[in-house]
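This report concerns only the one structure given below.
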Amino acid sequence: MTEKDSAPVARTVLQQCLQARLQVKPAEKTSEAQFVQIDRGMVIYICFFKGATDDILPKMVSTLLNLRLSESPSGKMVSVLDLPGSLLIVPQATLGGKAKGRAMQYHNNVGKEDGLRLYGAFVSLCEQELTAAGVTVKHGTYGNRQVLKLDTNGPYTHLMEF
């Protein structure tokens, strides 16, 4: 999805799922952990790189939500819009990592403030597109370590760069 001569500004990994549960807030002394959960649908892991701007978001949302990655009862491949299904969006800064020796470095990732803004705008655009289609949208918390439990009917995972 990127131009041949330009570096990507975002990386996503798409995973179809039968059910997914994501911890969005860890347990504390006075409160239990909080979770969001979806049933059948798609999980989008997303990471933004330096140079990412709001201009790329509409193309990303349109491309990702219209990909035919899920099998309908008839066996036809359909998008999350057509399932009907649910969507879980997970911020995943580690998608921007590069190995250096035995360690991972994340120097190409966008700064935290810009990443938070871009992530929020991406989630909002997805919600706008999918609410009209009756698709449930849940999302993780940017900047927090999160625990994910995922049930799939196969390792049907796709990497996309924008």
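Naming scheme: A, B, ... for chains in displayed order of the structure tokens; residues 1 onward per chain; ligands 1 onward as shown.
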
Within 9 Å of stretch 45-47 of chain A using only C-alpha atoms, minus same-chain residues under 6 positions, as a count of residues only | 20

Contact residues around A:Val123 with only C-alpha atoms at 12 Å, ignoring same-chain residues under 2 positions, as a VMD selection string | chain A and resid 44 to 46 57 to 58 60 to 61 65 87 to 91 116 to 121 125 to 131 136 to 142

Determine which residues of stretch 16-155 of chain A DSSP labels as strand (DSSP E) from the backbone of this structure, then write them out as a ChimeraX atom specification.
-> /A:16-17,19-25,34-38,41-48,70-71,77-78,86-91,98-100,103-105,136-139,148-151

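For stretch 147-157 of chain A, the set of protein, DNA and RNA residues having any atom at most 6 Å away, when counting only C-alpha atoms and skipping those fewer than 4 positions along the same chain, is Leu14, Gln15, Cys17, Leu18, Gln19, Ala20, Arg21, Leu22 and Gln23 of chain A.
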
Contacts of stretch 78-80 of chain A at 10 Å or less, counting only C-alpha atoms, minus same-chain residues fewer than 6 places along, as an MDAnalysis selection string?
-> chainID A and resid 16 40:42 64:72 86:87 130 133 135

Got a sec to tell me which of stretch 53-130 of chain A DSSP assigns to helix (DSSP H, G or I), as a PyMOL selection string?
-> chain A and resi 54-66+93-96+112-130

Point out the residue among A:Lys98, A:Gly75, A:Phe122, A:Phe35 with the least atom-to-atom distance to A:Ser62, counting only C-alpha atoms.
-> A:Phe122

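Computed from the coordinates, the atom CA of A:Thr63 to atom CA of A:Gln146 distance equals 25.8 Å.
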
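Minimum atom-to-atom distances from A:Ile56, A:Pro73, A:Pro84, A:Phe48 to A:His107 were compared using only C-alpha atoms, and the lowest value belongs to A:Phe48.
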
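Interatomic distance, atom CA of A:Asp82 against atom CA of A:Gln37: 19.7 Å.
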